[in-house]
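Q: Next up, start-v2.txt (compact mmCIF, C-alpha atoms and all ligand atoms).
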# COMPACT_ATOMS: atom_id res chain seq x y z
CA MET A 243 41.50 -1.65 -9.53
CA THR A 244 38.99 0.99 -8.48
CA ILE A 245 35.27 0.93 -7.82
CA TYR A 246 33.17 3.63 -9.48
CA HIS A 247 29.56 4.38 -8.54
CA VAL A 248 27.70 6.43 -11.18
CA ALA A 249 24.24 7.77 -10.29
CA VAL A 250 21.77 10.07 -12.02
CA ASP A 251 18.38 11.54 -11.07
CA SER A 252 15.71 13.96 -12.37
CA THR A 253 16.18 13.86 -16.14
CA ASP A 254 12.64 12.96 -17.24
CA SER A 255 9.31 14.74 -17.44
CA ALA A 256 5.82 13.57 -16.58
CA THR A 257 4.38 15.41 -19.57
CA LEU A 258 7.18 15.73 -22.16
CA GLY A 259 8.55 12.20 -22.07
CA MET A 260 11.89 10.53 -21.30
CA CYS A 261 12.53 8.21 -18.40
CA THR A 262 15.63 8.42 -16.22
CA THR A 263 15.95 4.62 -16.49
CA TYR A 264 16.22 4.93 -20.28
CA LEU A 265 19.07 7.36 -19.80
CA GLY A 266 20.57 4.65 -17.58
CA ALA A 267 20.15 2.09 -20.36
CA VAL A 268 22.00 4.34 -22.81
CA LEU A 269 24.69 5.08 -20.23
CA LEU A 270 25.22 1.33 -19.62
CA ASP A 271 25.84 0.96 -23.34
CA ARG A 272 28.20 3.92 -23.65
CA LEU A 273 30.19 3.13 -20.48
CA SER A 274 30.81 -0.41 -21.76
CA GLU A 275 33.51 1.10 -24.02
CA LEU A 276 35.68 1.76 -20.96
CA PRO A 277 38.00 -0.84 -19.37
CA MET A 278 35.68 -1.62 -16.46
CA GLU A 279 32.99 -4.20 -15.60
CA LEU A 280 29.65 -3.96 -13.82
CA LEU A 281 30.28 -5.00 -10.24
CA SER A 282 26.61 -5.60 -9.40
CA PRO A 283 23.22 -5.36 -11.15
CA PRO A 284 22.17 -1.90 -12.37
CA GLU A 285 20.06 -0.39 -9.60
CA LEU A 286 16.76 1.44 -10.04
CA VAL A 287 16.15 3.36 -6.83
CA ARG A 288 12.73 4.80 -6.02
CA LEU A 289 12.74 7.59 -3.45
CA ASN A 290 10.09 9.43 -1.41
CA PRO A 291 6.83 9.09 -3.41
CA ASN A 292 5.42 12.16 -1.61
CA VAL A 293 7.97 14.69 -2.87
CA PRO A 294 5.81 17.41 -4.44
CA TRP A 295 8.25 18.21 -7.30
CA LYS A 296 9.07 14.64 -8.35
CA THR A 297 9.26 14.13 -12.11
CA ARG A 298 7.53 10.78 -12.73
CA GLY A 299 8.04 7.93 -10.27
CA ASN A 300 10.82 9.73 -8.37
CA GLY A 301 13.27 7.12 -9.64
CA ALA A 302 17.06 7.46 -9.78
CA PHE A 303 19.62 4.87 -10.85
CA CYS A 304 23.11 3.81 -9.83
CA LEU A 305 25.63 1.79 -11.87
CA ARG A 306 28.55 0.27 -9.95
CA TYR A 307 31.74 -0.69 -11.80
CA GLU A 308 35.17 -2.08 -11.08
CA GLY A 309 37.95 -1.03 -13.45
CA GLU A 310 41.29 0.56 -14.03
CA GLU A 311 42.48 3.56 -12.05
CA GLY A 312 42.06 6.98 -13.58
CA LEU A 313 38.81 6.50 -15.52
CA LEU A 314 36.94 9.27 -13.72
CA ASP A 315 37.40 11.89 -16.45
CA GLU A 316 36.23 9.53 -19.17
CA ILE A 317 33.19 8.37 -17.15
CA LEU A 318 32.38 11.99 -16.50
CA PHE A 319 32.67 12.97 -20.15
CA ILE A 320 30.35 10.15 -21.27
CA ALA A 321 27.80 10.67 -18.48
CA GLU A 322 27.60 14.44 -19.00
CA ASN A 323 27.10 13.95 -22.73
CA VAL A 324 24.29 11.44 -22.22
CA ILE A 325 22.58 13.78 -19.74
CA TRP A 326 22.95 16.73 -22.14
CA ASP A 327 21.55 14.64 -25.01
CA LEU A 328 18.56 13.10 -23.27
CA SER A 329 17.34 15.22 -20.33
CA VAL A 330 14.11 17.19 -20.72
CA PHE A 331 15.63 20.52 -19.62
CA GLU A 332 12.54 22.50 -20.68
CA ASP A 333 10.39 20.95 -17.93
CA PRO A 334 10.74 23.14 -14.79
CA GLN A 335 10.50 19.99 -12.63
CA THR A 336 13.49 18.43 -14.38
CA ASN A 337 16.73 19.33 -12.59
CA PRO A 338 19.33 16.68 -13.40
CA GLY A 339 22.00 15.55 -10.97
CA LEU A 340 25.06 13.37 -11.58
CA VAL A 341 27.11 11.87 -8.72
CA ILE A 342 30.23 9.75 -9.20
CA LEU A 343 31.90 8.21 -6.17
CA LYS A 344 35.16 6.23 -6.15
CA GLY A 345 35.71 3.45 -3.62
CA GLN A 346 33.50 2.17 -0.80
CA VAL A 347 30.14 3.80 -0.08
CA PRO A 348 30.35 5.67 3.26
CA THR A 349 27.61 5.28 5.88
CA SER A 350 26.77 8.99 5.44
CA PHE A 351 25.50 8.09 1.93
CA ARG A 352 23.40 5.24 3.38
CA ASP A 353 21.83 7.74 5.79
CA ILE A 354 20.96 10.07 2.91
CA TYR A 355 19.31 7.15 1.09
CA HIS A 356 17.13 6.28 4.08
CA ARG A 357 16.23 9.92 4.72
CA ALA A 358 15.46 10.50 1.01
CA LEU A 359 12.76 7.82 1.29
CA HIS A 360 10.96 9.58 4.12
CA GLU A 361 11.82 13.27 4.14
CA ILE A 362 12.34 16.33 1.99
CA LEU A 363 16.11 16.85 2.09
CA ASP A 364 18.06 20.07 1.97
CA LEU A 365 20.30 20.29 -1.11
CA ASP A 366 23.19 22.02 0.66
CA ALA A 367 23.27 19.40 3.41
CA VAL A 368 23.39 16.65 0.79
CA LYS A 369 26.20 18.42 -1.11
CA GLU A 370 28.18 18.63 2.11
CA VAL A 371 27.92 14.85 2.53
CA GLY A 372 29.13 14.43 -1.07
CA ASN A 373 32.01 16.84 -0.63
CA SER A 374 33.20 15.20 2.58
CA ALA A 375 33.50 11.89 0.67
CA ASN A 376 35.22 13.56 -2.33
CA ALA A 377 32.36 12.58 -4.61
CA PHE A 378 32.15 14.25 -8.00
CA MET A 379 28.82 16.11 -8.24
CA LYS A 380 27.34 17.99 -11.14
CA GLY A 381 23.86 19.47 -11.03
CA TRP A 382 21.88 21.21 -13.75
CA LYS A 383 19.34 24.04 -13.27
CA ASN A 384 18.31 24.07 -9.57
CA GLU A 385 20.46 20.92 -9.05
CA ARG A 386 17.81 19.13 -7.03
CA GLY A 387 18.61 15.89 -8.88
CA LEU A 388 21.83 15.71 -6.86
CA ILE A 389 19.77 14.64 -3.84
CA GLY A 390 18.32 11.59 -5.60
CA ALA A 391 21.60 10.74 -7.31
CA LEU A 392 23.58 10.80 -4.06
CA ALA A 393 20.82 8.81 -2.33
CA ALA A 394 21.01 6.24 -5.16
CA VAL A 395 24.76 5.80 -4.58
CA GLY A 396 23.89 5.14 -0.91
CA ALA A 397 20.99 2.78 -1.70
CA ASP A 398 20.62 -0.35 0.37
CA LEU A 399 18.86 -3.00 -1.72
CA SER A 400 19.01 -5.82 0.81
CA LEU A 401 15.25 -5.88 0.23
CA HIS A 402 14.64 -5.84 -3.52
CA THR A 403 12.72 -6.99 -6.57
CA TYR A 404 13.63 -6.86 -10.27
CA GLU A 405 12.18 -5.12 -13.29
CA ALA A 406 12.97 -6.04 -16.89
CA MET A 407 12.33 -2.89 -18.92
CA LEU A 408 12.04 -2.84 -22.69
CA TYR A 409 12.73 0.50 -24.38
CA ARG A 410 12.01 2.10 -27.74
CA PRO A 411 14.07 5.00 -29.16
CA ALA A 412 13.66 8.28 -27.25
CA ALA A 413 12.47 10.02 -30.43
CA VAL A 414 9.29 7.88 -30.48
CA LYS A 415 6.66 9.83 -28.53
CA ASP A 416 3.53 7.84 -29.38
CA ARG A 417 1.36 7.25 -26.32
CA LYS A 418 0.32 3.87 -27.68
CA ARG A 419 2.67 0.86 -27.73
CA GLN A 420 2.30 -2.16 -30.00
CA VAL A 421 2.31 -4.96 -27.44
CA ASP A 422 0.59 -8.31 -27.88
CA ALA A 423 -1.49 -8.54 -24.68
CA LYS A 424 -2.06 -12.27 -25.21
CA THR A 425 1.68 -13.01 -24.97
CA LEU A 426 1.82 -10.84 -21.85
CA ARG A 427 -0.96 -12.89 -20.23
CA GLU A 428 0.85 -16.10 -21.20
CA ALA A 429 4.16 -14.87 -19.79
CA SER A 430 2.42 -13.85 -16.59
CA LYS A 431 0.94 -17.34 -16.21
CA ARG A 432 4.15 -19.17 -17.10
CA TYR A 433 6.27 -17.15 -14.65
CA PRO A 434 4.21 -16.77 -11.45
CA SER A 435 7.19 -15.16 -9.68
CA THR A 436 6.50 -12.10 -11.82
CA PHE A 437 3.69 -9.73 -10.80
CA PHE A 438 1.99 -6.48 -11.80
CA ASN A 439 1.62 -7.63 -15.41
CA VAL A 440 -2.13 -7.81 -15.87
CA ASP A 441 -5.16 -7.02 -13.71
CA ALA A 442 -7.82 -9.51 -12.64
CA ALA A 443 -9.60 -9.06 -15.98
CA GLY A 444 -6.37 -9.78 -17.92
CA ASN A 445 -5.78 -6.19 -19.02
CA PRO A 446 -2.12 -5.07 -19.08
CA VAL A 447 -1.08 -2.81 -16.19
CA CYS A 448 2.68 -2.78 -17.00
CA ILE A 449 2.50 -0.71 -20.19
CA PRO A 450 2.77 3.08 -19.74
CA HIS A 451 0.58 5.50 -21.70
CA SER A 452 3.02 8.41 -21.60
CA PRO A 453 5.33 9.66 -24.40
CA CYS A 454 8.34 8.07 -22.58
CA PRO A 455 10.71 5.45 -24.10
CA VAL A 456 9.49 2.59 -21.86
CA ILE A 457 7.52 0.01 -23.85
CA LEU A 458 6.80 -2.11 -20.81
CA GLY A 459 8.30 -3.36 -17.57
CA ILE A 460 8.01 -6.87 -16.15
CA ARG A 461 8.37 -6.94 -12.37
CA GLY A 462 9.37 -10.02 -10.46
CA ILE A 463 11.27 -11.48 -7.55
CA ASP A 464 13.55 -13.77 -9.57
CA PRO A 465 15.95 -12.20 -12.09
CA SER A 466 15.92 -15.12 -14.59
CA ASP A 467 12.13 -15.50 -14.54
CA THR A 468 11.67 -11.75 -14.86
CA LEU A 469 13.87 -11.54 -17.95
CA GLU A 470 12.43 -14.74 -19.47
CA ALA A 471 8.90 -13.39 -19.03
CA SER A 472 9.90 -10.17 -20.82
CA ARG A 473 11.30 -12.32 -23.68
CA MET A 474 7.93 -13.99 -24.15
CA VAL A 475 6.10 -10.72 -24.71
CA LYS A 476 5.75 -9.72 -28.35
CA ALA A 477 6.31 -5.98 -28.73
CA ASP A 478 7.26 -3.79 -31.69
CA GLY A 479 10.28 -1.52 -31.95
CA ILE A 480 12.44 -2.66 -29.02
CA GLU A 481 15.69 -0.68 -29.10
CA ARG A 482 17.30 -1.92 -25.86
CA TRP A 483 16.54 -3.53 -22.50
CA VAL A 484 17.76 -3.51 -18.91
CA LEU A 485 17.12 -5.93 -16.05
CA TRP A 486 17.10 -3.62 -13.02
CA LYS A 487 17.53 -4.60 -9.40
CA THR A 488 15.26 -2.25 -7.47
CA ASN A 489 13.73 -1.30 -4.14
CA GLN A 490 10.29 -1.27 -5.81
CA HIS A 491 7.55 -3.16 -3.94
CA THR A 492 9.57 -3.53 -0.74
CA ASP A 493 7.78 -0.91 1.45
CA ALA A 494 11.18 0.81 1.74
CA HIS A 495 9.35 4.14 2.07
CA ILE A 496 7.43 3.07 5.17
CA GLU A 497 8.49 4.13 8.67
CA TYR A 498 6.96 2.09 11.47
CA VAL A 499 5.87 4.62 14.10
CA LYS A 500 4.48 3.95 17.55
CA ASP A 501 1.68 6.52 17.52
CA LEU A 502 0.07 9.34 15.58
CA THR A 503 2.20 12.09 17.16
CA SER A 504 5.17 11.00 15.01
CA LEU A 505 3.48 11.77 11.69
CA ARG A 506 5.30 14.29 9.51
CA PRO A 507 3.93 15.63 6.20
CA PHE A 508 5.50 13.97 3.12
CA SER A 509 6.51 10.83 5.03
CA SER A 510 4.95 7.37 4.71
CA ILE A 511 4.14 5.46 7.84
CA SER A 512 2.65 2.35 9.37
CA THR A 513 1.04 2.35 12.79
CA GLU A 514 -1.72 0.74 14.86
CA VAL A 515 -4.98 2.62 15.38
CA THR A 516 -8.65 2.17 16.28
CA ILE A 517 -11.44 3.52 14.09
CA SER A 518 -13.38 6.34 15.74
CA SER A 519 -15.90 7.32 13.05
CA PRO A 520 -17.76 5.29 10.40
CA PRO A 521 -16.29 5.39 6.87
CA VAL A 522 -18.09 7.92 4.65
CA TYR A 523 -17.78 8.86 1.00
CA ARG A 524 -17.18 12.53 0.31
CA GLU A 525 -17.01 14.66 -2.81
CA GLY A 526 -15.08 13.04 -5.66
CA GLY A 527 -15.77 9.51 -4.45
CA HIS A 528 -13.04 9.56 -1.81
CA LEU A 529 -13.62 7.55 1.38
CA PHE A 530 -12.73 8.95 4.80
CA PHE A 531 -12.78 7.74 8.41
CA ASP A 532 -11.19 8.95 11.63
CA VAL A 533 -8.80 6.96 13.79
CA ILE A 534 -7.39 7.27 17.29
CA ASP A 535 -4.23 5.82 18.85
CA PRO A 536 -3.89 4.47 22.44
CA GLN A 537 -2.70 7.92 23.63
CA GLY A 538 -5.84 9.60 22.28
CA ASN A 539 -4.20 11.31 19.28
CA THR A 540 -6.38 11.42 16.18
CA ALA A 541 -5.96 11.49 12.41
CA THR A 542 -8.13 11.06 9.32
CA CYS A 543 -7.60 8.13 6.96
CA ALA A 544 -8.44 8.57 3.27
CA ALA A 545 -8.80 6.12 0.40
CA TYR A 546 -8.93 8.04 -2.85
CA GLU A 547 -11.15 7.33 -5.83
CA PRO A 548 -8.40 5.82 -8.05
CA THR A 549 -7.99 2.97 -5.55
CA LYS A 550 -11.42 1.70 -6.73
CA GLY A 551 -12.42 -1.58 -5.01
CA PHE A 552 -10.10 -0.86 -2.09
CA ARG A 553 -12.57 1.80 -0.89
CA LYS A 554 -15.53 -0.54 -1.12
CA ASN A 555 -13.78 -3.13 1.05
CA LEU A 556 -13.08 -0.44 3.64
CA THR A 557 -16.71 0.69 3.89
CA ALA A 558 -17.51 -2.41 5.97
CA LEU A 559 -15.21 -1.16 8.74
CA ALA A 560 -16.80 0.34 11.85
CA PRO A 561 -15.84 2.36 14.94
CA GLY A 562 -13.96 0.18 17.41
CA ASP A 563 -12.21 -1.92 14.77
CA LYS A 564 -8.48 -2.21 15.44
CA LEU A 565 -6.23 -1.71 12.41
CA ARG A 566 -2.67 -1.43 11.27
CA VAL A 567 -2.59 1.19 8.52
CA TRP A 568 0.07 1.97 5.90
CA GLY A 569 0.02 5.24 4.00
CA SER A 570 1.50 8.60 3.16
CA VAL A 571 0.98 11.62 5.35
CA ARG A 572 -0.73 14.61 3.81
CA SER A 573 -1.63 17.83 5.48
CA GLU A 574 -2.99 19.98 2.70
CA ASP A 575 -6.27 18.15 1.91
CA VAL A 576 -8.28 18.78 5.06
CA PRO A 577 -7.52 20.41 8.40
CA GLY A 578 -5.35 18.17 10.57
CA ILE A 579 -3.31 15.19 9.49
CA THR A 580 -4.56 12.84 6.77
CA ILE A 581 -3.13 9.40 6.08
CA ASN A 582 -3.52 8.53 2.40
CA LEU A 583 -4.04 4.77 2.79
CA GLU A 584 -1.93 2.29 0.81
CA LYS A 585 -3.13 -0.80 2.67
CA VAL A 586 -4.86 -1.82 5.88
CA GLU A 587 -4.60 -4.85 8.12
CA VAL A 588 -7.74 -5.56 10.12
CA ARG A 589 -6.33 -6.84 13.41
CA GLU A 590 -9.47 -7.11 15.53
CA LEU A 591 -13.09 -6.45 14.71
CA ALA A 592 -15.32 -4.63 17.17
CA ILE A 593 -18.36 -6.57 18.33
CA LEU A 594 -21.34 -4.70 16.96
CA LYS A 595 -24.76 -5.26 18.52
CA THR A 596 -28.31 -4.51 17.49
CA LEU A 597 -31.43 -4.66 19.64
CA SER A 598 -34.56 -6.57 18.69
CA ASN A 599 -37.90 -7.33 20.37
CA PRO A 600 -38.10 -10.59 22.38
CA ARG A 601 -40.70 -13.35 21.84
CA CYS A 602 -43.62 -13.38 24.27
CA PRO A 603 -42.69 -15.41 27.44
CA LYS A 604 -46.30 -16.74 27.69
CA CYS A 605 -47.22 -17.80 24.15
CA GLY A 606 -43.99 -17.35 22.13
CA GLY A 607 -45.65 -14.87 19.81
CA PRO A 608 -44.03 -11.75 18.30
CA THR A 609 -43.99 -8.57 20.38
CA GLU A 610 -44.29 -4.91 19.50
CA SER A 611 -43.44 -1.58 21.07
CA MET A 612 -46.32 0.42 22.48
CA GLY A 613 -44.49 3.68 21.94
CA ARG A 614 -41.66 5.53 23.54
CA ASP A 615 -41.02 4.29 27.13
CA GLN A 616 -44.30 2.34 27.03
CA GLY A 617 -42.75 -1.14 26.97
CA LEU A 618 -43.70 -4.10 24.79
CA ARG A 619 -46.86 -6.07 24.18
CA CYS A 620 -47.47 -9.48 22.65
CA LYS A 621 -49.11 -9.13 19.29
CA ARG A 622 -50.82 -12.53 19.65
CA CYS A 623 -52.05 -12.75 23.30
CA GLY A 624 -51.66 -9.13 24.38
CA PHE A 625 -49.29 -10.00 27.30
CA ARG A 626 -47.42 -7.11 28.85
CA GLY A 627 -44.93 -7.12 31.73
CA ALA A 628 -41.87 -8.84 33.12
CA GLY A 629 -39.29 -10.49 30.85
CA MET A 630 -40.17 -8.24 27.94
CA GLU A 631 -36.71 -6.64 27.57
CA PRO A 632 -35.16 -5.94 24.13
CA VAL A 633 -32.69 -8.64 23.10
CA GLU A 634 -29.07 -7.87 22.03
CA ASN A 635 -27.97 -9.49 18.81
CA ILE A 636 -24.35 -9.70 17.64
CA MET A 637 -24.12 -8.38 14.09
CA GLU A 638 -22.51 -10.45 11.40
CA ARG A 639 -19.58 -8.40 9.98
CA GLU A 640 -18.96 -8.12 6.25
CA VAL A 641 -15.24 -7.85 6.79
CA LYS A 642 -12.76 -10.38 8.17
CA PRO A 643 -9.44 -9.89 9.98
CA GLY A 644 -6.57 -9.73 7.49
CA LEU A 645 -5.10 -7.44 4.85
CA ILE A 646 -7.15 -5.14 2.63
CA GLU A 647 -5.17 -4.00 -0.42
CA PRO A 648 -5.90 -1.95 -3.53
CA PRO A 649 -5.92 -3.59 -6.99
CA PRO A 650 -2.59 -3.61 -8.92
CA ASP A 651 -3.39 -0.59 -11.08
CA ALA A 652 -3.52 1.53 -7.91
CA TRP A 653 -0.17 0.29 -6.51
CA ARG A 654 2.60 2.82 -6.15
CA HIS A 655 6.17 1.87 -7.06
CA LEU A 656 7.29 1.09 -3.50
CA PHE A 657 4.03 -0.57 -2.35
CA ARG A 658 4.68 -4.14 -1.18
CA PRO A 659 1.71 -6.40 -1.99
CA SER A 660 1.12 -9.31 0.39
CA CYS A 661 1.38 -11.77 -2.53
CA LEU A 662 5.18 -11.31 -2.60
CA PRO A 663 7.10 -14.03 -0.75
CA ALA A 664 9.91 -13.20 1.68
CA ASN A 665 12.93 -11.63 0.06
CA LYS A 666 15.98 -13.80 -0.68
CA GLU A 667 19.03 -13.60 -2.93
CA ARG A 668 18.58 -15.54 -6.15
CA GLU A 669 21.19 -16.90 -8.53
CA TYR A 670 21.62 -15.16 -11.87
CA ALA A 671 24.58 -15.35 -14.23
CA GLY A 672 23.13 -13.71 -17.36
CA SER A 673 23.45 -10.19 -18.77
CA TRP A 674 21.78 -7.21 -17.14
CA TRP A 675 21.31 -5.15 -20.30
CA GLY A 676 21.54 -5.34 -24.07
CA SER A 677 20.62 -3.90 -27.47
CA GLY A 678 17.53 -4.99 -29.39
CA ALA A 679 15.02 -7.40 -27.82
CA PRO A 680 16.15 -9.27 -24.65
ZN ZN A 701 -48.22 -13.83 23.94
What's the C-alpha cells form of this structure?

A:
Amino acid sequence: MTIYHVAVDSTDSATLGMCTTYLGAVLLDRLSELPMELLSPPELVRLNPNVPWKTRGNGAFCLRYEGEEGLLDEILFIAENVIWDLSVFEDPQTNPGLVILKGQVPTSFRDIYHRALHEILDLDAVKEVGNSANAFMKGWKNERGLIGALAAVGADLSLHTYEAMLYRPAAVKDRKRQVDAKTLREASKRYPSTFFNVDAAGNPVCIPHSPCPVILGIRGIDPSDTLEASRMVKADGIERWVLWKTNQHTDAHIEYVKDLTSLRPFSSISTEVTISSPPVYREGGHLFFDVIDPQGNTATCAAYEPTKGFRKNLTALAPGDKLRVWGSVRSEDVPGITINLEKVEVRELAILKTLSNPRCPKCGGPTESMGRDQGLRCKRCGFRGAGMEPVENIMEREVKPGLIEPPPDAWRHLFRPSCLPANKEREYAGSWWGSGAP
C-alpha cells in the first residue's frame, strides 16, 4: 500500500467565481473511482492572509489517501482534468498549482507550511523542496499556486476546527442564495459547538455573496455537530457537500514576537506593548493609536472601519495602558510600521487622574480659582490660604482588563475568537463528503 497526498491551490477568483474548496469537493468525488481510501479528513488549509495576490481567502486543500501502488498516473490524470475544467484561468491572480506526494510528509514540507503562514515565499525555493522529495508538481500560468499546494501537503492541523460546506453547481453564478435563515438560527442554537453562523442580531454571516459555488459553510469544533447543524439548514440547490478539517480560527498565522523590532511586512504577530498616544479617528472612520515596547521601539496600531464596534471599544484606551495586541503588519498605509489589529487584550490599565478644587477648610464651602497662579478662594466665606491645593481624583475607566474582539462579520479565516474552547481530538466515524444534501 502507498500513501498519496494530493494538494491544489489558486484556482478561484474573487470576482469571477469558483472556490478552490469546490474543486476539492469534485476531486474527492472523481478520485473515489480509484482503488484507494481517504486516510484522514479532507484538509482545508488557509495560508498567509496578508499575501497581496491571494485569490479569495488564500485557501488550499490537501486530500490524503492510502491505496494500491502505481496509481500516480491515474490520480494525475483526474486531478489535471478537474483543474482544467474548473479553474478561472482568465483571472490574472489565478495561477493553479497541483502537488502530489507519495509516502510520508518530510519535515521540509512542514517548514514550508509554517513559513507560508507568515512570509511571502520564493517559488523556486519551494520547487526545490518539492523536487528533493520527488513530489510531482504541475503549475499553470505563473505557477504561484505550487507554493500553497506544497504548503498544504505539509500542513500541521494539530490545532484545528471543522467546516461543513454546502455547494451548488459551478455554473450557478447568482450572488443570492436561497437559504432559510430561520433554520440557520435554529441550527446555531441547537449546536452551540458551532460558531460564525449568525451575528448578534441573528443575521447570517456564513453565506457568501459572491458568484462562487459555496452556498454556506458551518464552522465548528466538533465534526458531528458541525455536519448535523449543516443538515438542519434548509437551502435550495445543494449539489454536494464536504466536511473539512481546517486550520481556520486557530491563530495559526500569528507569530509571537518579543518586541516591535521583529515586525516584518506581510506577517501577523502578537506582542506586548504600552499605548503612547490617545486613540483617534482619521479619514474613512479608521481608528489609530501609537504603541511602544519596553525597548522604546514604536509602531502604530490601526482598527479599520469594517471592524465596526471593535473600534468603539478601543476608543476608551489611553496612554499608559498595557496591551497584548494581535494583528497583521502593514507598511504601505502610513510611514513606519502599522499593525492592523485583529484583537487586543487589555493587561493593565493606567491610572488616570484629574484635578479638582478642594472644599474650603474653614466652612466646607466650594472654592474657585482666582486666575492663573492666583490660588483659590472660598466662594462662601472668602477664605484664601493654606490647605487650598487642587485635589487629585482617580478617573473611572470605561474599559476593563480582558479581551477586546471584533464582531464575527469582521473575523478573518484564521482569527481565533476567545469563545472557542481548547482544541482536542473528537470522535467521528461518518463520511467526510457526499453528493446532494448532507
Ligand atoms: Zn469657606

Q: Using 8 Å as the limit and counting all atoms listed in the file, can you tabulate each residue of segment 284-339 of chain A that touches segment 252-260 of chain A, with its shortest atom-to-atom distance in Å and the two atoms involved, as JSON lines?

A:
{"residue": "A:Lys296", "atom": "CA", "partner": "A:Ser252", "partner_atom": "CA", "distance": 7.8}
{"residue": "A:Thr297", "atom": "CA", "partner": "A:Ser255", "partner_atom": "CA", "distance": 5.4}
{"residue": "A:Arg298", "atom": "CA", "partner": "A:Ala256", "partner_atom": "CA", "distance": 5.1}
{"residue": "A:Asn300", "atom": "CA", "partner": "A:Ser252", "partner_atom": "CA", "distance": 7.6}
{"residue": "A:Gly301", "atom": "CA", "partner": "A:Ser252", "partner_atom": "CA", "distance": 7.8}
{"residue": "A:Ala302", "atom": "CA", "partner": "A:Ser252", "partner_atom": "CA", "distance": 7.1}
{"residue": "A:Ile325", "atom": "CA", "partner": "A:Thr253", "partner_atom": "CA", "distance": 7.3}
{"residue": "A:Leu328", "atom": "CA", "partner": "A:Met260", "partner_atom": "CA", "distance": 7.4}
{"residue": "A:Ser329", "atom": "CA", "partner": "A:Thr253", "partner_atom": "CA", "distance": 4.6}
{"residue": "A:Val330", "atom": "CA", "partner": "A:Asp254", "partner_atom": "CA", "distance": 5.7}
{"residue": "A:Phe331", "atom": "CA", "partner": "A:Thr253", "partner_atom": "CA", "distance": 7.5}
{"residue": "A:Asp333", "atom": "CA", "partner": "A:Ser255", "partner_atom": "CA", "distance": 6.3}
{"residue": "A:Gln335", "atom": "CA", "partner": "A:Ser255", "partner_atom": "CA", "distance": 7.2}
{"residue": "A:Thr336", "atom": "CA", "partner": "A:Ser252", "partner_atom": "CA", "distance": 5.4}
{"residue": "A:Asn337", "atom": "CA", "partner": "A:Ser252", "partner_atom": "CA", "distance": 5.5}
{"residue": "A:Pro338", "atom": "CA", "partner": "A:Ser252", "partner_atom": "CA", "distance": 4.6}
{"residue": "A:Gly339", "atom": "CA", "partner": "A:Ser252", "partner_atom": "CA", "distance": 6.6}

Q: What's around Pro434 of chain A at 9 Å? Count all atoms listed in the file, leave out sequence neighbours fewer than 4 positions away in its own chain, and write the answer as a list in words.

A: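 Here the qualifying residues turn out to be Ala429, Ser430, Gly462 and Asp467 of chain A.
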
Q: Find the residues near ligand ZN 701 (chain A). Use a cut-off of 8 Å, count only C-alpha atoms and all ligand atoms, and write them as a PyMOL selection string.

A: chain A and resi 601-609+619-625

Q: If we count only C-alpha atoms, what is near Gly459 of chain A at a cut-off of 12 Å, once residues fewer than 5 positions away on the same chain are taken out, given as an NGL selection string?

A: :A and (263-264 or 404-409 or 421 or 426 or 436-440 or 446-450 or 468-469 or 471-473 or 475 or 477 or 483-486 or 655)

Q: Could you save the residues just selected, with C-alpha atoms, as a PDB file, keeping the file's coordinate frame?

A:
ATOM      1  CA  THR A 263      15.950   4.620 -16.490  1.00  0.00           C
ATOM      2  CA  TYR A 264      16.220   4.930 -20.280  1.00  0.00           C
ATOM      3  CA  TYR A 404      13.630  -6.860 -10.270  1.00  0.00           C
ATOM      4  CA  GLU A 405      12.180  -5.120 -13.290  1.00  0.00           C
ATOM      5  CA  ALA A 406      12.970  -6.040 -16.890  1.00  0.00           C
ATOM      6  CA  MET A 407      12.330  -2.890 -18.920  1.00  0.00           C
ATOM      7  CA  LEU A 408      12.040  -2.840 -22.690  1.00  0.00           C
ATOM      8  CA  TYR A 409      12.730   0.500 -24.380  1.00  0.00           C
ATOM      9  CA  VAL A 421       2.310  -4.960 -27.440  1.00  0.00           C
ATOM     10  CA  LEU A 426       1.820 -10.840 -21.850  1.00  0.00           C
ATOM     11  CA  THR A 436       6.500 -12.100 -11.820  1.00  0.00           C
ATOM     12  CA  PHE A 437       3.690  -9.730 -10.800  1.00  0.00           C
ATOM     13  CA  PHE A 438       1.990  -6.480 -11.800  1.00  0.00           C
ATOM     14  CA  ASN A 439       1.620  -7.630 -15.410  1.00  0.00           C
ATOM     15  CA  VAL A 440      -2.130  -7.810 -15.870  1.00  0.00           C
ATOM     16  CA  PRO A 446      -2.120  -5.070 -19.080  1.00  0.00           C
ATOM     17  CA  VAL A 447      -1.080  -2.810 -16.190  1.00  0.00           C
ATOM     18  CA  CYS A 448       2.680  -2.780 -17.000  1.00  0.00           C
ATOM     19  CA  ILE A 449       2.500  -0.710 -20.190  1.00  0.00           C
ATOM     20  CA  PRO A 450       2.770   3.080 -19.740  1.00  0.00           C
ATOM     21  CA  THR A 468      11.670 -11.750 -14.860  1.00  0.00           C
ATOM     22  CA  LEU A 469      13.870 -11.540 -17.950  1.00  0.00           C
ATOM     23  CA  ALA A 471       8.900 -13.390 -19.030  1.00  0.00           C
ATOM     24  CA  SER A 472       9.900 -10.170 -20.820  1.00  0.00           C
ATOM     25  CA  ARG A 473      11.300 -12.320 -23.680  1.00  0.00           C
ATOM     26  CA  VAL A 475       6.100 -10.720 -24.710  1.00  0.00           C
ATOM     27  CA  ALA A 477       6.310  -5.980 -28.730  1.00  0.00           C
ATOM     28  CA  TRP A 483      16.540  -3.530 -22.500  1.00  0.00           C
ATOM     29  CA  VAL A 484      17.760  -3.510 -18.910  1.00  0.00           C
ATOM     30  CA  LEU A 485      17.120  -5.930 -16.050  1.00  0.00           C
ATOM     31  CA  TRP A 486      17.100  -3.620 -13.020  1.00  0.00           C
ATOM     32  CA  HIS A 655       6.170   1.870  -7.060  1.00  0.00           C
TER      33      HIS A 655
END

Q: Between atom CA of Asn489 of chain A and atom CA of Ala544 of chain A, measure the distance and give it in Å to one decimal.

A: 25.4 Å

Q: Using Å and a single decimal, report how far atom CA of Cys661 of chain A sits from atom CA of Leu286 of chain A.

A: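 Calculated distance between atom CA of Leu286 of chain A and atom CA of Cys661 of chain A is 21.6 Å.
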
Q: Report the distance between atom CA of Thr503 of chain A and atom CA of Arg357 of chain A in Å, rounded to one decimal place.

A: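 It comes out at 18.9 Å.
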
Q: A:Ile636, A:Val347, A:Leu529, A:Ala442: which is nearest Thr542 of chain A, counting all atoms listed in the file?

A: A:Leu529

Q: Just the residues within 12 Å of segment 317-320 of chain A, please, counting only C-alpha atoms, with nothing from its chain fewer than 4 positions along; format it as number ranges by chain.

A: A: 246-250, 265-266, 268-278, 305-307, 309-313, 324-327, 340-344, 377-380
